[in-house]
>>> print(open('input29.txt').read())   # compact mmCIF, C-alpha atoms
# COMPACT_ATOMS: atom_id res chain seq x y z
CA MET A 1 74.52 102.61 105.02
CA ASP A 2 77.66 104.05 106.66
CA ASN A 3 77.85 101.10 109.08
CA LEU A 4 77.23 98.51 106.42
CA PHE A 5 80.44 96.64 107.14
CA GLY A 6 80.78 97.16 110.89
CA GLU A 7 84.12 97.64 112.70
CA LEU A 8 87.07 95.54 113.80
CA ARG A 9 90.60 96.23 114.98
CA LEU A 10 93.79 95.25 113.20
CA GLY A 11 96.44 95.90 115.81
CA HIS A 12 95.51 99.37 117.04
CA LEU A 13 93.76 100.30 113.80
CA ARG A 14 90.09 99.81 113.14
CA LEU A 15 89.02 97.37 110.47
CA ALA A 16 85.62 96.39 109.13
CA PRO A 17 84.33 93.02 110.43
CA LEU A 18 81.41 90.69 110.17
CA GLY A 19 80.19 92.55 113.18
CA ALA A 20 77.76 91.97 116.00
CA ARG A 21 76.31 95.44 115.46
CA ARG A 22 75.32 94.80 111.89
CA ARG A 23 71.59 94.35 111.45
CA THR A 24 71.52 93.70 107.73
CA LYS A 25 73.38 90.84 106.09
CA VAL A 26 75.67 92.31 103.48
CA THR A 27 75.30 90.56 100.14
CA ALA A 28 77.27 91.05 96.97
CA SER A 29 74.30 92.72 95.28
CA LEU A 30 73.74 95.10 98.19
CA ALA A 31 77.40 96.06 98.29
CA ALA A 32 77.52 96.55 94.51
CA ALA A 33 74.52 98.87 94.72
CA GLU A 34 76.29 100.87 97.43
CA TYR A 35 79.47 101.26 95.38
CA THR A 36 77.79 102.20 92.11
CA GLY A 37 74.86 104.20 93.41
CA ARG A 38 76.55 106.10 96.20
CA TRP A 39 80.14 106.43 95.06
CA GLY A 40 79.83 106.08 91.30
CA TRP A 41 82.45 103.34 91.10
CA THR A 42 82.58 100.71 88.37
CA VAL A 43 82.05 97.22 89.73
CA ALA A 44 81.80 93.75 88.24
CA THR A 45 80.36 90.54 89.61
CA GLY A 46 82.19 87.27 89.76
CA ASP A 47 81.71 83.70 90.87
CA ALA A 48 82.26 82.77 94.48
CA ALA A 49 85.84 82.00 95.47
CA GLY A 50 86.88 78.41 95.78
CA SER A 51 88.89 76.97 98.61
CA ALA A 52 92.23 77.98 97.17
CA THR A 53 95.06 77.58 99.64
CA ALA A 54 97.50 79.70 97.64
CA PRO A 55 95.52 82.92 97.06
CA THR A 56 98.36 84.78 95.33
CA ARG A 57 98.55 82.12 92.61
CA CYS A 58 95.70 82.78 90.25
CA PRO A 59 94.90 80.94 87.01
CA CYS A 60 94.91 84.32 85.24
CA GLY A 61 98.71 84.25 85.38
CA ALA A 62 99.12 87.67 87.03
CA HIS A 63 102.16 87.84 89.29
CA ARG A 64 100.20 89.52 92.08
CA CYS A 65 96.51 89.13 91.30
CA ALA A 66 94.39 91.26 93.64
CA ALA A 67 91.30 89.13 93.04
CA PRO A 68 92.73 85.60 93.14
CA GLY A 69 90.35 83.13 91.57
CA LEU A 70 87.74 85.87 91.17
CA HIS A 71 87.24 87.37 87.76
CA PRO A 72 84.26 89.02 86.09
CA VAL A 73 81.55 86.70 84.89
CA PRO A 74 80.57 87.49 81.25
CA ASP A 75 77.15 89.15 81.00
CA GLY A 76 76.70 88.84 84.75
CA SER A 77 75.91 85.14 84.45
CA SER A 78 76.32 82.75 87.37
CA ARG A 79 78.37 80.19 85.51
CA GLY A 80 79.80 77.65 87.91
CA ARG A 81 77.90 79.04 90.89
CA THR A 82 75.83 76.67 92.97
CA ALA A 83 72.40 77.63 94.21
CA GLY A 84 72.53 79.81 97.32
CA THR A 85 76.21 80.59 96.90
CA GLU A 86 77.05 84.26 97.22
CA GLY A 87 79.15 85.67 94.41
CA SER A 88 81.94 88.22 94.55
CA VAL A 89 82.12 91.96 93.97
CA LEU A 90 85.11 93.34 92.09
CA PHE A 91 86.34 96.89 91.63
CA ALA A 92 87.48 97.65 88.07
CA THR A 93 90.70 99.61 88.58
CA GLY A 94 91.98 102.22 86.17
CA ARG A 95 88.67 104.09 86.02
CA ALA A 96 87.68 105.91 89.20
CA PHE A 97 90.92 104.89 90.89
CA ASP A 98 94.05 102.73 90.78
CA VAL A 99 95.22 100.64 93.74
CA LEU A 100 98.65 100.58 95.38
CA ASP A 101 99.22 97.10 96.82
CA VAL A 102 101.75 96.49 99.62
CA PRO A 103 102.46 93.95 102.39
CA GLU A 104 100.18 94.40 105.39
CA GLN A 105 102.85 95.26 107.96
CA ALA A 106 104.54 97.82 105.74
CA GLY A 107 101.15 99.29 104.84
CA LEU A 108 100.16 99.67 108.50
CA GLN A 109 103.44 101.41 109.34
CA ALA A 110 103.07 103.75 106.37
CA LEU A 111 99.44 104.51 107.20
CA VAL A 112 100.27 105.53 110.75
CA ARG A 113 103.09 107.78 109.53
CA LEU A 114 100.99 109.36 106.77
CA GLU A 115 98.14 110.18 109.12
CA ARG A 116 100.52 111.61 111.72
CA MET A 117 101.91 113.91 109.01
CA GLY A 118 98.36 115.01 108.17
CA THR A 119 98.37 113.42 104.72
CA GLN A 120 94.87 112.81 103.42
CA VAL A 121 94.72 109.06 102.81
CA GLY A 122 91.89 107.69 100.71
CA PRO A 123 90.01 104.42 101.17
CA VAL A 124 92.15 101.43 102.16
CA LEU A 125 91.23 97.79 101.57
CA ALA A 126 92.36 94.92 103.78
CA PRO A 127 92.05 91.59 101.96
CA PRO A 128 92.77 88.45 104.03
CA THR A 129 95.93 87.76 102.03
CA GLY A 130 98.41 89.69 104.16
CA ARG A 131 98.23 92.80 101.95
CA LEU A 132 96.85 96.34 102.18
CA GLN A 133 95.49 98.17 99.15
CA PHE A 134 95.42 101.98 98.96
CA LEU A 135 93.00 103.59 96.51
CA VAL A 136 94.69 106.43 94.60
CA ALA A 137 93.91 108.58 91.58
CA ALA A 138 93.57 106.72 88.29
CA GLY A 139 96.67 106.62 86.09
CA ALA A 140 99.09 105.71 88.89
CA ALA A 141 99.85 102.26 87.46
CA ARG A 142 100.96 103.76 84.17
CA ARG A 143 103.18 106.35 85.88
CA LEU A 144 104.54 104.10 88.64
CA PRO A 145 108.01 103.44 87.12
CA ASP A 146 108.56 107.16 86.53
CA LEU A 147 107.29 108.09 90.00
CA LEU A 148 109.62 105.58 91.65
CA TYR A 149 112.51 106.86 89.52
CA ARG A 150 111.89 110.47 90.54
CA MET A 151 111.77 109.43 94.20
CA GLY A 152 114.97 107.40 93.97
CA TRP A 153 113.33 104.01 94.43
CA ASP A 154 113.66 102.74 90.86
CA ASP A 155 116.60 100.47 91.65
CA ALA A 156 115.16 99.09 94.90
CA SER A 157 113.56 95.67 95.15
CA LEU A 158 110.17 96.62 96.56
CA ASP A 159 107.15 94.42 97.20
CA LEU A 160 104.91 97.17 95.87
CA THR A 161 102.61 96.93 92.87
CA CYS A 162 99.87 99.05 91.36
CA HIS A 163 96.65 97.74 89.80
CA GLY A 164 95.40 99.92 86.98
CA GLU A 165 93.48 99.71 83.74
CA GLY A 166 92.30 96.20 82.90
CA SER A 167 92.71 94.85 86.44
CA TYR A 168 90.32 94.07 89.26
CA VAL A 169 90.55 93.98 93.04
CA ALA A 170 88.17 92.12 95.33
CA ALA A 171 85.76 94.39 97.20
CA PRO A 172 84.05 93.95 100.58
CA PRO A 173 82.26 91.75 101.53
CA THR A 174 83.77 89.29 99.01
CA VAL A 175 85.14 86.18 100.70
CA LEU A 176 88.40 84.72 99.47
CA GLY A 177 88.02 80.97 99.83
CA GLY A 178 89.58 79.48 102.94
CA LEU A 179 90.83 82.87 104.16
CA GLY A 180 87.93 85.17 104.98
CA PRO A 181 86.29 88.37 103.75
CA VAL A 182 87.81 91.48 102.24
CA ARG A 183 87.23 94.42 104.59
CA TRP A 184 87.74 98.17 104.81
CA LEU A 185 90.60 99.50 106.91
CA ARG A 186 89.70 103.05 105.89
CA ARG A 187 86.23 103.49 104.44
CA PRO A 188 85.26 105.63 101.46
CA THR A 189 83.80 109.00 102.41
CA ARG A 190 82.15 111.83 100.55
CA ASP A 191 85.48 113.63 100.52
CA ASN A 192 87.69 110.88 99.10
CA ALA A 193 85.45 108.49 97.16
CA GLY A 194 85.22 110.72 94.11
CA CYS A 195 88.67 112.25 94.47
CA PRO A 196 91.22 109.76 95.84
CA PRO A 197 94.71 111.12 96.59
CA GLU A 198 97.44 111.31 93.99
CA ALA A 199 99.78 108.33 94.26
CA ARG A 200 102.84 110.57 94.67
CA LEU A 201 101.49 111.78 98.04
CA LEU A 202 101.59 108.25 99.48
CA LEU A 203 104.21 106.51 97.39
CA GLY A 204 107.37 107.76 99.09
CA THR A 205 106.19 106.66 102.53
CA LEU A 206 104.88 103.34 101.24
CA ALA A 207 108.11 102.62 99.35
CA TYR A 208 110.23 103.40 102.41
CA ALA A 209 108.07 101.15 104.61
CA CYS A 210 108.33 98.32 102.07
CA HIS A 211 112.10 98.78 101.86
CA ARG A 212 112.53 98.72 105.64
CA SER A 213 110.27 95.69 105.92
CA ARG A 214 112.41 93.81 103.40
CA GLU A 215 115.60 94.86 105.21
CA ARG A 216 114.32 93.55 108.54
CA THR A 217 113.31 90.26 106.92
CA ALA A 218 116.80 89.88 105.48
CA GLU A 219 118.56 90.60 108.80
CA PRO A 220 119.98 87.68 110.82
CA ALA A 221 117.80 86.78 113.80
CA TRP A 222 120.37 88.05 116.31
CA MET A 223 120.35 91.51 114.65
CA ALA A 224 116.59 91.74 114.28
CA SER A 225 115.98 90.90 117.96
>>> encode(input="input29.txt", output="structure tokens")
Amino acid sequence: MDNLFGELRLGHLRLAPLGARRRTKVTASLAAAEYTGRWGWTVATGDAAGSATAPTRCPCGAHRCAAPGLHPVPDGSSRGRTAGTEGSVLFATGRAFDVLDVPEQAGLQALVRLERMGTQVGPVLAPPTGRLQFLVAAGAARRLPDLLYRMGWDDASLDLTCHGEGSYVAAPPTVLGGLGPVRWLRRPTRDNAGCPPEARLLLGTLAYACHRSRERTAEPAWMAS
């Protein structure tokens, strides 16, 4: 099932698509079985996403919800789901892993730099919301303020969050209404699925990329050109 989600390119990086090579239609139940049976991850099922046009604004009230409009359905029921509608698959963070969440452009720049330095990066999710999500060892969300302080980024205004215990992120092949499917930018492997990297190994590079991205956005057009 290694090719379950196919391949696509995001810039010069490969991303998982709907794919012409794929022979089996990926359903939420098939994907959930893959994640739990093969990787031992905790997943939840949710209702299908609506046609939300503002995916970062979720009724749950979270400032940066990683599963906008998609939350676990109690007892696995299909409340609110119409016949034939595919539901969603959600990763429960804070158990096997936490998730560092950054803007897509900053995440791509950091990923290239990390891999050039030989840093072992774990699985990376690419939701269709303009974000990248890096799976890291559980407990990162709780330690994030201290980690940023130790690295000298505690007083910086960074568009960087961490989803930990009690949160969920949408998993492939979940479709976020009106936007498209969640895909893998870096897939889970036997080496990293059960032992994702410590957040501190990625955080400095991610924070710097987020900081530089914000600086460029704030620059006048004549300076940025």
>>> residues_around(input="input29.txt", residues="Thr36 (chain A)", least_positions_apart="6", cutoff="12 Å", atoms="only C-alpha atoms", output="list in words")
Ser29, Leu30, Thr42, Val43, Ala44, Val89, Leu90, Phe91, Ala92, Ala96, Ala193 and Gly194 of chain A
>>> write_last_selection(input="input29.txt", atoms="C-alpha atoms", output="compact mmCIF listing (two decimals), in the coordinates of the input")
# COMPACT_ATOMS: atom_id res chain seq x y z
CA SER A 29 74.30 92.72 95.28
CA LEU A 30 73.74 95.10 98.19
CA THR A 42 82.58 100.71 88.37
CA VAL A 43 82.05 97.22 89.73
CA ALA A 44 81.80 93.75 88.24
CA VAL A 89 82.12 91.96 93.97
CA LEU A 90 85.11 93.34 92.09
CA PHE A 91 86.34 96.89 91.63
CA ALA A 92 87.48 97.65 88.07
CA ALA A 96 87.68 105.91 89.20
CA ALA A 193 85.45 108.49 97.16
CA GLY A 194 85.22 110.72 94.11
>>> closest_residue(input="input29.txt", among="A:Ala33, A:Gly152, A:Ala138, A:Leu202", to="Glu115 (chain A)", atoms="all atoms listed in the file")
A:Leu202
>>> atom_distance(input="input29.txt", atom1="CA of Asp98 (chain A)", atom2="CA of Ala67 (chain A)")
14.1 Å
>>> atom_distance(input="input29.txt", atom1="CA of Leu114 (chain A)", atom2="CA of Glu198 (chain A)")
13.4 Å
>>> atom_distance(input="input29.txt", atom1="CA of Leu135 (chain A)", atom2="CA of Trp184 (chain A)")
11.2 Å
>>> axis_aligned_box(input="input29.txt", around="region 201-213 of chain A", padding_each_side="8 Å", output="lines of an AutoDock Vina configuration file")
center_x = 107.0
center_y = 103.7
center_z = 101.7
size_x = 27.0
size_y = 32.1
size_z = 24.5
>>> residues_around(input="input29.txt", residues="Thr205 (chain A)", least_positions_apart="5", cutoff="10 Å", atoms="all atoms listed in the file", output="VMD selection string")
chain A and resid 106 to 107 109 to 111 113 to 114 200 210 to 211
>>> residues_around(input="input29.txt", residues="region 143-149 of chain A", least_positions_apart="3", cutoff="9 Å", atoms="all atoms listed in the file", output="VMD selection string")
chain A and resid 139 to 140 152 to 155 161 to 162 199 to 200 203 to 204 207
>>> write_last_selection(input="input29.txt", atoms="C-alpha atoms", output="compact mmCIF listing (two decimals), in the coordinates of the input")
# COMPACT_ATOMS: atom_id res chain seq x y z
CA GLY A 139 96.67 106.62 86.09
CA ALA A 140 99.09 105.71 88.89
CA GLY A 152 114.97 107.40 93.97
CA TRP A 153 113.33 104.01 94.43
CA ASP A 154 113.66 102.74 90.86
CA ASP A 155 116.60 100.47 91.65
CA THR A 161 102.61 96.93 92.87
CA CYS A 162 99.87 99.05 91.36
CA ALA A 199 99.78 108.33 94.26
CA ARG A 200 102.84 110.57 94.67
CA LEU A 203 104.21 106.51 97.39
CA GLY A 204 107.37 107.76 99.09
CA ALA A 207 108.11 102.62 99.35
